[in-house]
$ cat final38.txt   # compact mmCIF, C-alpha atoms and all ligand atoms
# COMPACT_ATOMS: atom_id res chain seq x y z
CA MET V 10 77.50 52.31 96.09
CA ASN V 11 79.21 49.01 96.75
CA PHE V 12 82.20 48.80 99.08
CA SER V 13 84.72 49.06 96.29
CA GLU V 14 83.15 52.28 94.97
CA LYS V 15 83.05 53.74 98.47
CA LEU V 16 86.79 53.12 98.87
CA GLN V 17 87.38 54.71 95.48
CA SER V 18 85.49 57.91 96.24
CA LEU V 19 87.03 58.13 99.73
CA MET V 20 90.46 57.98 98.18
CA LEU V 21 89.63 60.96 95.90
CA GLU V 22 88.18 62.89 98.83
CA LEU V 23 91.27 62.35 100.99
CA ASP V 24 93.56 63.28 98.13
CA SER V 25 91.99 66.66 97.62
CA ALA V 26 91.52 67.50 101.30
CA THR V 27 93.43 70.46 102.76
CA ALA V 28 93.49 72.33 106.05
CA SER V 29 94.66 75.91 106.42
CA THR V 30 94.03 76.27 110.14
CA LEU V 31 94.46 74.01 113.13
CA ASP V 32 90.70 74.05 113.49
CA GLU V 33 90.16 72.69 109.97
CA ALA V 34 92.71 69.93 110.62
CA GLU V 35 90.80 68.93 113.76
CA GLN V 36 87.46 68.98 111.87
CA PHE V 37 89.01 66.64 109.29
CA ARG V 38 90.25 64.30 112.02
CA ILE V 39 86.81 64.13 113.66
CA LYS V 40 85.02 63.59 110.36
CA TYR V 41 87.24 60.73 109.14
CA LEU V 42 89.10 59.30 112.13
CA GLY V 43 86.76 60.13 115.01
CA SER V 44 84.85 57.53 117.01
CA LYS V 45 81.78 58.15 114.81
CA GLY V 46 83.85 58.93 111.74
CA VAL V 47 83.92 57.62 108.19
CA PHE V 48 86.59 54.98 108.88
CA LYS V 49 84.68 53.67 111.89
CA GLU V 50 81.65 53.11 109.64
CA LEU V 51 83.70 51.53 106.87
CA PHE V 52 85.40 49.12 109.25
CA GLU V 53 81.92 48.08 110.46
CA GLU V 54 80.83 47.51 106.89
CA PHE V 55 84.10 45.71 106.13
CA LYS V 56 82.96 42.91 108.45
CA THR V 57 80.17 42.18 105.98
CA VAL V 58 82.22 41.84 102.78
CA SER V 59 82.77 38.39 101.37
CA ALA V 60 85.79 36.48 102.56
CA ASP V 61 87.66 36.53 99.24
CA GLU V 62 87.31 40.37 98.99
CA LYS V 63 88.55 40.91 102.55
CA ARG V 64 92.20 40.62 101.71
CA SER V 65 92.37 43.41 99.07
CA PHE V 66 89.74 45.69 100.67
CA GLY V 67 91.37 45.33 104.07
CA LYS V 68 94.69 46.38 102.68
CA GLN V 69 93.20 49.39 100.85
CA LEU V 70 91.21 50.47 103.88
CA ASN V 71 94.26 50.35 106.15
CA GLN V 72 96.32 52.33 103.64
CA LEU V 73 93.66 55.04 103.34
CA LYS V 74 93.38 55.32 107.11
CA ALA V 75 97.14 55.58 107.48
CA SER V 76 97.31 58.32 104.87
CA ALA V 77 94.45 60.26 106.54
CA GLU V 78 96.31 60.02 109.86
CA ALA V 79 99.51 61.19 108.20
CA SER V 80 97.73 64.20 106.70
CA VAL V 81 96.37 65.24 110.07
CA GLU V 82 99.83 64.89 111.65
CA LYS V 83 101.44 66.90 108.87
CA TRP V 84 98.88 69.74 108.97
CA LYS V 85 98.96 70.01 112.72
CA ALA V 86 102.73 70.16 112.83
CA SER V 87 103.12 72.83 110.18
CA LEU V 88 100.15 74.95 111.29
CA ASN V 89 101.27 74.81 114.88
CA ASN V 90 104.65 76.13 113.84
CA SER V 91 103.40 78.98 111.70
CA GLU V 92 100.87 80.03 114.31
CA LEU V 93 103.61 79.99 116.91
CA THR V 94 105.92 82.20 114.85
CA ALA V 95 103.04 84.55 114.10
CA VAL V 96 102.44 84.92 117.81
CA SER V 97 106.08 85.58 118.62
CA THR V 98 106.65 88.25 115.97
CA LEU V 99 103.35 90.05 115.99
CA ASP V 100 102.83 91.77 119.31
CA LEU V 101 100.09 94.28 118.73
CA THR V 102 100.58 95.84 122.15
CA ARG V 103 104.17 96.76 121.41
CA PRO V 104 104.80 100.52 120.99
CA GLY V 105 105.81 101.55 117.46
CA ALA V 106 109.46 102.09 116.60
CA LEU V 107 110.32 105.75 117.11
CA PHE V 108 112.13 107.79 114.50
CA GLU V 109 115.43 109.15 115.78
CA LEU V 110 114.93 112.89 115.60
CA GLY V 111 118.01 114.85 114.69
CA ALA V 112 119.14 117.66 116.94
CA GLU V 113 120.01 121.19 115.95
CA HIS V 114 123.63 122.05 116.68
CA PRO V 115 123.98 124.67 119.45
CA ILE V 116 125.78 127.02 117.05
CA SER V 117 122.94 126.62 114.54
CA ILE V 118 120.38 127.46 117.23
CA ILE V 119 122.18 130.71 118.12
CA LYS V 120 122.76 131.55 114.46
CA ARG V 121 119.12 130.99 113.55
CA GLU V 122 117.91 133.19 116.40
CA ILE V 123 120.20 136.04 115.39
CA ILE V 124 119.22 135.76 111.73
CA ASP V 125 115.54 135.84 112.74
CA ILE V 126 116.01 139.00 114.79
CA PHE V 127 117.76 140.87 111.98
CA HIS V 128 115.36 139.50 109.38
CA GLY V 129 112.62 141.27 111.30
CA ILE V 130 114.30 144.65 110.75
CA GLY V 131 115.05 144.23 107.07
CA PHE V 132 118.43 142.50 106.96
CA SER V 133 119.02 139.63 104.56
CA VAL V 134 121.67 136.93 104.73
CA ALA V 135 124.90 137.14 102.69
CA GLU V 136 127.68 134.60 102.34
CA GLY V 137 131.29 134.45 101.23
CA PRO V 138 133.98 131.81 100.83
CA GLU V 139 135.99 130.41 103.74
CA ILE V 140 139.14 130.39 101.62
CA GLU V 141 139.54 134.07 100.88
CA ASP V 142 142.05 136.23 99.08
CA ASP V 143 144.16 138.85 100.80
CA TRP V 144 142.14 141.64 99.17
CA HIS V 145 138.78 140.68 100.71
CA ASN V 146 140.14 139.58 104.07
CA PHE V 147 142.66 142.40 104.60
CA SER V 148 143.55 144.97 101.93
CA ALA V 149 140.07 146.20 101.04
CA LEU V 150 139.37 146.43 104.77
CA ASN V 151 142.11 148.99 105.20
CA PHE V 152 144.67 146.71 106.84
CA PRO V 153 148.08 148.23 106.16
CA PRO V 154 150.56 145.72 104.66
CA GLU V 155 152.52 145.47 107.91
CA HIS V 156 149.46 145.06 110.15
CA PRO V 157 150.06 142.41 112.83
CA ALA V 158 146.79 140.60 112.04
CA ARG V 159 148.40 139.41 108.82
CA ASP V 160 151.15 137.84 110.84
CA MET V 161 151.72 134.10 110.57
CA GLN V 162 150.63 133.76 114.19
CA ASP V 163 147.06 134.74 113.48
CA THR V 164 146.40 133.75 109.93
CA PHE V 165 146.32 130.40 108.18
CA PHE V 166 147.80 130.95 104.75
CA VAL V 167 146.73 128.73 101.89
CA LYS V 168 149.07 127.78 99.07
CA ASN V 169 147.46 128.44 95.75
CA PRO V 170 147.99 125.90 92.93
CA ASN V 171 149.48 128.73 90.81
CA GLY V 172 152.22 129.28 93.41
CA SER V 173 151.08 132.59 94.88
CA ASP V 174 150.31 132.40 98.57
CA ASP V 175 148.02 135.36 99.06
CA TYR V 176 145.07 133.15 99.96
CA VAL V 177 144.02 132.72 103.57
CA LEU V 178 141.39 130.97 105.63
CA ARG V 179 139.29 134.03 106.42
CA THR V 180 140.11 135.38 109.85
CA HIS V 181 136.76 137.17 110.20
CA THR V 182 133.43 137.50 108.40
CA SER V 183 134.27 141.13 107.59
CA SER V 184 135.52 139.77 104.26
CA VAL V 185 131.85 139.31 103.32
CA GLN V 186 131.32 143.07 103.77
CA VAL V 187 133.73 143.65 100.91
CA ARG V 188 132.06 141.04 98.70
CA VAL V 189 128.59 142.48 99.31
CA MET V 190 129.68 146.08 98.74
CA SER V 191 131.31 145.21 95.43
CA GLU V 192 128.23 143.33 94.22
CA GLN V 193 125.32 145.40 95.55
CA LYS V 194 124.54 149.10 95.50
CA PRO V 195 123.20 150.85 98.63
CA PRO V 196 120.90 150.63 100.45
CA ILE V 197 122.62 147.53 101.81
CA ARG V 198 121.33 145.68 104.84
CA VAL V 199 122.94 142.27 105.33
CA ILE V 200 124.12 139.91 107.99
CA ALA V 201 126.75 137.29 107.18
CA PRO V 202 127.10 134.26 109.41
CA GLY V 203 130.07 131.97 108.91
CA ARG V 204 133.08 130.04 110.07
CA VAL V 205 136.36 131.83 110.64
CA PHE V 206 139.86 130.57 111.35
CA ARG V 207 142.75 131.84 113.44
CA ASN V 208 146.05 130.23 114.16
CA GLU V 209 145.61 130.07 117.91
CA ALA V 210 146.32 127.42 120.51
CA VAL V 211 143.27 125.28 121.19
CA SER V 212 142.07 125.27 124.79
CA ALA V 213 138.83 125.07 126.75
CA ARG V 214 138.24 128.79 126.08
CA SER V 215 139.52 129.32 122.54
CA HIS V 216 139.69 127.39 119.31
CA CYS V 217 141.33 127.87 115.93
CA ILE V 218 137.90 127.57 114.30
CA PHE V 219 134.91 129.59 115.43
CA HIS V 220 131.80 131.32 114.12
CA GLN V 221 130.93 134.96 113.64
CA ILE V 222 127.97 136.94 112.43
CA GLU V 223 128.77 140.13 110.59
CA GLY V 224 126.30 142.97 110.09
CA LEU V 225 126.50 145.73 107.49
CA TYR V 226 124.15 148.64 106.90
CA ILE V 227 124.94 151.25 104.22
CA ASP V 228 122.64 153.99 103.03
CA GLU V 229 122.46 157.77 102.74
CA GLY V 230 122.70 159.51 106.10
CA VAL V 231 123.30 156.49 108.35
CA THR V 232 124.62 157.71 111.71
CA PHE V 233 126.27 156.38 114.85
CA ALA V 234 122.89 156.80 116.59
CA ASP V 235 121.31 154.40 114.07
CA MET V 236 123.98 151.85 114.94
CA LYS V 237 123.45 152.22 118.65
CA GLN V 238 119.69 151.83 118.34
CA THR V 239 120.04 148.77 116.15
CA LEU V 240 122.40 147.14 118.63
CA GLU V 241 120.19 148.07 121.56
CA TYR V 242 117.26 146.44 119.81
CA PHE V 243 119.35 143.35 119.15
CA ALA V 244 120.56 143.11 122.77
CA LYS V 245 117.00 143.26 124.00
CA GLU V 246 115.73 140.63 121.58
CA PHE V 247 118.65 138.24 121.87
CA PHE V 248 119.93 138.58 125.43
CA GLY V 249 116.76 139.96 126.96
CA LYS V 250 118.84 142.87 128.32
CA SER V 251 117.97 146.48 127.68
CA LYS V 252 121.14 148.30 128.66
CA ILE V 253 124.25 148.43 126.47
CA ARG V 254 127.34 150.60 126.40
CA LEU V 255 129.84 151.38 123.65
CA ARG V 256 133.51 151.56 124.59
CA PRO V 257 135.99 153.19 122.18
CA SER V 258 138.05 150.63 120.34
CA TYR V 259 140.00 150.18 117.14
CA PHE V 260 139.47 148.25 113.92
CA PRO V 261 141.21 149.22 110.66
CA PHE V 262 137.92 149.11 108.74
CA THR V 263 135.70 151.21 111.02
CA GLU V 264 136.04 154.76 112.30
CA PRO V 265 135.02 155.41 115.00
CA SER V 266 135.08 151.87 116.38
CA ALA V 267 133.62 150.46 119.57
CA GLU V 268 133.22 147.36 121.68
CA VAL V 269 129.65 146.65 122.69
CA ASP V 270 129.02 145.59 126.28
CA VAL V 271 125.64 144.35 127.47
CA TYR V 272 124.63 145.01 131.06
CA TRP V 273 124.12 141.49 132.33
CA GLY V 274 123.52 142.27 135.98
CA LEU V 275 125.09 140.83 139.10
CA GLU V 276 122.25 138.88 140.59
CA ASN V 277 123.90 135.56 141.20
CA GLU V 278 127.22 133.80 141.24
CA LEU V 279 126.99 132.87 137.58
CA ASP V 280 126.48 136.54 136.59
CA TYR V 281 129.49 137.37 138.68
CA ARG V 282 131.57 134.71 137.02
CA ILE V 283 130.69 135.43 133.37
CA THR V 284 131.06 139.20 133.79
CA LYS V 285 134.20 138.87 135.90
CA GLY V 286 132.48 140.80 138.64
CA THR V 287 131.71 143.88 136.55
CA GLY V 288 128.12 143.13 135.53
CA TRP V 289 129.06 143.96 131.92
CA LEU V 290 129.58 141.43 129.17
CA GLU V 291 131.52 142.24 126.02
CA VAL V 292 129.54 140.88 123.06
CA MET V 293 130.81 142.37 119.80
CA GLY V 294 132.89 144.88 117.88
CA CYS V 295 131.32 147.58 115.76
CA GLY V 296 131.86 150.92 114.11
CA MET V 297 131.07 153.29 111.27
CA VAL V 298 132.42 151.89 108.00
CA ASP V 299 135.68 153.68 107.23
CA PRO V 300 135.39 155.89 104.10
CA ALA V 301 138.50 154.16 102.72
CA VAL V 302 136.63 150.83 102.83
CA LEU V 303 133.64 152.31 100.98
CA GLU V 304 136.00 153.72 98.37
CA SER V 305 137.79 150.43 97.80
CA SER V 306 134.39 148.94 96.91
CA ASN V 307 133.48 151.90 94.67
CA ILE V 308 130.84 153.29 96.98
CA ASP V 309 130.93 157.10 97.19
CA PRO V 310 131.74 158.00 100.83
CA GLU V 311 130.49 161.56 100.22
CA LYS V 312 127.03 160.20 99.52
CA TYR V 313 126.82 157.08 101.64
CA SER V 314 127.70 156.09 105.16
CA GLY V 315 127.07 153.01 107.23
CA PHE V 316 127.90 150.84 110.16
CA ALA V 317 129.19 147.31 110.64
CA PHE V 318 129.39 144.94 113.54
CA GLY V 319 130.74 141.47 114.16
CA MET V 320 130.12 139.03 116.97
CA GLY V 321 131.34 135.57 117.87
CA LEU V 322 128.75 132.84 118.39
CA GLU V 323 130.62 130.35 120.55
CA ARG V 324 130.58 132.43 123.68
CA SER V 325 126.83 132.99 123.49
CA ALA V 326 126.22 129.29 122.85
CA MET V 327 128.44 128.35 125.79
CA GLN V 328 126.63 130.71 128.12
CA ARG V 329 123.16 129.78 126.94
CA PHE V 330 123.68 126.04 127.13
CA GLN V 331 126.28 125.96 129.89
CA ILE V 332 128.89 124.32 127.69
CA PRO V 333 132.06 124.20 129.79
CA ASP V 334 134.58 123.60 126.98
CA ILE V 335 134.58 125.19 123.50
CA ARG V 336 136.08 122.03 121.98
CA MET V 337 132.80 120.19 122.58
CA ILE V 338 131.22 122.41 119.94
CA PHE V 339 133.50 120.97 117.28
CA GLU V 340 133.88 117.34 118.34
CA ASN V 341 130.41 116.25 117.17
CA ASP V 342 130.14 113.68 119.94
CA VAL V 343 126.61 112.31 119.55
CA ARG V 344 126.13 112.21 123.33
CA PHE V 345 126.73 115.96 123.40
CA LEU V 346 124.64 116.75 120.33
CA LYS V 347 121.67 114.66 121.49
CA GLN V 348 121.14 117.02 124.39
CA PHE V 349 119.93 119.71 122.00
CA GLN V 350 117.05 117.63 120.67
CA SER V 351 114.60 119.42 122.94
CA ALA V 352 115.64 122.75 121.48
CA LEU V 353 114.02 121.82 118.15
N1 LIG V 401 135.94 141.67 112.32
C1 LIG V 401 136.07 142.08 113.69
C2 LIG V 401 136.68 140.93 114.49
O1 LIG V 401 136.91 139.91 113.95
C3 LIG V 401 134.73 142.44 114.30
C4 LIG V 401 134.12 143.65 113.67
C5 LIG V 401 133.24 143.53 112.61
C6 LIG V 401 134.38 144.93 114.17
C7 LIG V 401 132.66 144.65 112.05
C8 LIG V 401 133.80 146.05 113.60
C9 LIG V 401 132.95 145.90 112.57
O2 LIG V 401 136.95 141.06 115.63

$ encode --input "final38.txt" --output "structure tokens"
Amino acid sequence: MNFSEKLQSLMLELDSATASTLDEAEQFRIKYLGSKGVFKELFEEFKTVSADEKRSFGKQLNQLKASAEASVEKWKASLNNSELTAVSTLDLTRPGALFELGAEHPISIIKREIIDIFHGIGFSVAEGPEIEDDWHNFSALNFPPEHPARDMQDTFFVKNPNGSDDYVLRTHTSSVQVRVMSEQKPPIRVIAPGRVFRNEAVSARSHCIFHQIEGLYIDEGVTFADMKQTLEYFAKEFFGKSKIRLRPSYFPFTEPSAEVDVYWGLENELDYRITKGTGWLEVMGCGMVDPAVLESSNIDPEKYSGFAFGMGLERSAMQRFQIPDIRMIFENDVRFLKQFQSAL
């Protein structure tokens, strides 16, 4: 190859050269521009070309060298940059991003536990609407028309689009009893959890919205003793307490009716405080379903009998989780809710 051909093939070589790492760029520099590199050799040889060729070959040689130097500069700059960014974004020692786990609401925790307990003894879950008609919330449950619970002070009335105002926000889950009894034939064994509404002043201890769980058991020959045993079983499973007592009470839809107290004990100051010094904690209302209620749902009271009970969930949640103010249950402040993550 004469000098001119060498320049020609070098030009092609340089044109097609690439470097994809800093190392390759450095190899290129050593091969062409290094102290024993291709250009060094060519400049040596250049000394031997004839004087009249020197001018054009010299110019070509200098241009090629300049372009090789420019390539090296360019590769090093861009590769340096990309390697730098790769280093700054890819830290393999960094812990992975954690998923934010949701938390179960304290009311849901209590509700789920109670459902589980009754599931174990053959109860299934029933539901009804929160906007309820007067029949299901009151009349079918044996509330006389002038009963004070229908009073404006307790009940939120809902205006119906057709003008009648006999719709209410249900004041208790007992309305679901009526729905179940009119849809199912005995034996009936259901619990009905849900939100209920009462027109009461909101404070740290009471709210106009709260949650109840209703229980209903109807079959042939169901007795008061069956009710007591069922509630004793529940108290043991849910509160971990084995002693309950039934105090006579009154509900329009049960006869006889009772309040259920659980013996909580008086072992420490907290027990003293939550039982007001008595050791007993009132947990729910209950009773034998009034024959008039069975009749209004077309269940023969001569053949069937049953019991019902209803308990609020807020008080249990507040005791269990030491929630000082009932309003926290409804505010959905994330800082409050997050604390129940561990309960999942
Ligand atoms: N519905 C009653 C209340 O709201 C509770 C209850 C339910 C009592 C079932 C007896 C039977 O207080």

$ closest_residue --input "final38.txt" --among "V:Leu150, V:Val231, V:Ala135, V:Ile197" --to "ligand LIG 401 (chain V)" --atoms "all atoms listed in the file"
V:Leu150

$ residues_around --input "final38.txt" --residues "V:Ala149" --least-positions-apart "5" --cutoff "8 Å" --atoms "all atoms listed in the file" --output "PyMOL selection string"
chain V and resi 144+187+302+305-306

$ residues_near_ligand --input "final38.txt" --ligand "ligand LIG 401 (chain V)" --cutoff "6 Å" --atoms "only C-alpha atoms and all ligand atoms" --output "PDB file with C-alpha atoms, keeping the file's coordinate frame"
ATOM      1  CA  HIS V 181     136.760 137.170 110.200  1.00  0.00           C
ATOM      2  CA  SER V 183     134.270 141.130 107.590  1.00  0.00           C
ATOM      3  CA  GLU V 223     128.770 140.130 110.590  1.00  0.00           C
ATOM      4  CA  GLY V 294     132.890 144.880 117.880  1.00  0.00           C
ATOM      5  CA  CYS V 295     131.320 147.580 115.760  1.00  0.00           C
ATOM      6  CA  GLY V 296     131.860 150.920 114.110  1.00  0.00           C
ATOM      7  CA  ALA V 317     129.190 147.310 110.640  1.00  0.00           C
ATOM      8  CA  PHE V 318     129.390 144.940 113.540  1.00  0.00           C
ATOM      9  CA  GLY V 319     130.740 141.470 114.160  1.00  0.00           C
TER      10      GLY V 319
END

$ residues_around --input "final38.txt" --residues "V:Leu178" --least-positions-apart "3" --cutoff "7 Å" --atoms "only C-alpha atoms" --output "list of chain:residue names"
V:Glu139, V:Ile140, V:Glu141, V:Phe165, V:Phe166, V:Val167, V:Phe206

$ residues_around --input "final38.txt" --residues "V:Gln36" --least-positions-apart "6" --cutoff "12 Å" --atoms "all atoms listed in the file" --output "PyMOL selection string"
chain V and resi 26-30+42-43+46+81+84-85

$ closest_residue --input "final38.txt" --among "V:Thr263, V:Ser215, V:Asn341, V:Thr164" --to "V:Glu323" --atoms "only C-alpha atoms"
V:Ser215

$ residues_around --input "final38.txt" --residues "V:Thr239" --least-positions-apart "3" --cutoff "12 Å" --atoms "only C-alpha atoms" --output "list of chain:residue names"
V:Ile126, V:Phe127, V:Gly129, V:Ile130, V:Gly131, V:Phe132, V:Arg198, V:Gly224, V:Leu225, V:Tyr226, V:Val231, V:Thr232, V:Phe233, V:Ala234, V:Asp235, V:Met236, V:Tyr242, V:Phe243, V:Ala244, V:Lys245, V:Glu246, V:Ser251, V:Ile253, V:Val269, V:Cys295, V:Phe316, V:Ala317, V:Phe318

$ atom_distance --input "final38.txt" --atom1 "atom CA of V:Arg214" --atom2 "atom CA of V:Pro261"
25.8 Å

$ closest_residue --input "final38.txt" --among "V:Tyr176, V:Phe48, V:Phe260, V:Phe219" --to "V:Arg336" --atoms "all atoms listed in the file"
V:Phe219

$ residues_around --input "final38.txt" --residues "V:Asn277" --least-positions-apart "5" --cutoff "12 Å" --atoms "only C-alpha atoms" --output "ChimeraX atom specification"
/V:282-284,286,288

$ atom_distance --input "final38.txt" --atom1 "atom CA of V:Arg179" --atom2 "atom CA of V:Val205"
5.6 Å

$ closest_residue --input "final38.txt" --among "V:Arg254, V:Ile335, V:Asp342, V:Lys194" --to "V:Leu303" --atoms "only C-alpha atoms"
V:Lys194

$ closest_residue --input "final38.txt" --among "V:Gly230, V:Met337, V:Asn151, V:Lys120" --to "V:Glu311" --atoms "all atoms listed in the file"
V:Gly230

$ build_atoms --input "final38.txt" --residues "stretch 207-216 of chain V" --atoms "all heavy atoms" --output "tab-separated table (two decimals), keeping the file's coordinate frame"
chain	number	residue	atom	x	y	z
V	207	ARG	N	141.58	131.12	112.97
V	207	ARG	CA	142.75	131.84	113.44
V	207	ARG	C	143.74	130.86	114.02
V	207	ARG	O	143.35	129.93	114.74
V	207	ARG	CB	142.37	132.89	114.48
V	207	ARG	CG	141.70	134.08	113.83
V	207	ARG	CD	141.41	135.19	114.79
V	207	ARG	NE	140.38	136.06	114.22
V	207	ARG	CZ	139.81	137.06	114.84
V	207	ARG	NH1	140.16	137.35	116.07
V	207	ARG	NH2	138.88	137.79	114.25
V	208	ASN	N	144.99	131.14	113.74
V	208	ASN	CA	146.05	130.23	114.16
V	208	ASN	C	146.36	130.43	115.64
V	208	ASN	O	147.35	131.04	116.01
V	208	ASN	CB	147.30	130.48	113.30
V	208	ASN	CG	148.31	129.37	113.44
V	208	ASN	OD1	148.12	128.45	114.24
V	208	ASN	ND2	149.39	129.45	112.68
V	209	GLU	N	145.46	129.90	116.46
V	209	GLU	CA	145.61	130.07	117.91
V	209	GLU	C	145.64	128.72	118.60
V	209	GLU	O	145.06	127.76	118.09
V	209	GLU	CB	144.42	130.87	118.46
V	209	GLU	CG	144.62	132.36	118.37
V	209	GLU	CD	143.35	133.13	118.63
V	209	GLU	OE1	142.46	132.59	119.32
V	209	GLU	OE2	143.25	134.26	118.14
V	210	ALA	N	146.28	128.67	119.75
V	210	ALA	CA	146.32	127.42	120.51
V	210	ALA	C	144.91	127.04	120.94
V	210	ALA	O	144.13	127.88	121.36
V	210	ALA	CB	147.21	127.59	121.73
V	211	VAL	N	144.60	125.76	120.80
V	211	VAL	CA	143.27	125.28	121.19
V	211	VAL	C	143.25	124.99	122.68
V	211	VAL	O	144.14	124.35	123.21
V	211	VAL	CB	142.90	124.01	120.40
V	211	VAL	CG1	141.57	123.44	120.87
V	211	VAL	CG2	142.88	124.30	118.90
V	212	SER	N	142.23	125.54	123.36
V	212	SER	CA	142.07	125.27	124.79
V	212	SER	C	140.58	125.21	125.10
V	212	SER	O	139.75	125.25	124.19
V	212	SER	CB	142.71	126.40	125.60
V	212	SER	OG	141.92	127.57	125.49
V	213	ALA	N	140.25	125.13	126.38
V	213	ALA	CA	138.83	125.07	126.75
V	213	ALA	C	138.11	126.36	126.39
V	213	ALA	O	136.91	126.39	126.17
V	213	ALA	CB	138.68	124.79	128.24
V	214	ARG	N	138.86	127.48	126.32
V	214	ARG	CA	138.24	128.79	126.08
V	214	ARG	C	138.39	129.29	124.66
V	214	ARG	O	137.66	130.18	124.24
V	214	ARG	CB	138.83	129.86	127.02
V	214	ARG	CG	138.84	129.53	128.48
V	214	ARG	CD	137.48	129.49	129.12
V	214	ARG	NE	136.58	130.56	128.72
V	214	ARG	CZ	135.25	130.49	128.87
V	214	ARG	NH1	134.68	129.43	129.38
V	214	ARG	NH2	134.49	131.51	128.51
V	215	SER	N	139.38	128.80	123.91
V	215	SER	CA	139.52	129.32	122.54
V	215	SER	C	139.89	128.21	121.57
V	215	SER	O	140.48	127.19	121.94
V	215	SER	CB	140.55	130.44	122.50
V	215	SER	OG	141.85	129.92	122.60
V	216	HIS	N	139.51	128.42	120.32
V	216	HIS	CA	139.69	127.39	119.31
V	216	HIS	C	140.20	128.06	118.04
V	216	HIS	O	140.01	129.26	117.83
V	216	HIS	CB	138.33	126.73	119.05
V	216	HIS	CG	138.45	125.32	118.54
V	216	HIS	ND1	138.86	125.02	117.27
V	216	HIS	CD2	138.21	124.13	119.15
V	216	HIS	CE1	138.87	123.70	117.11
V	216	HIS	NE2	138.47	123.14	118.24
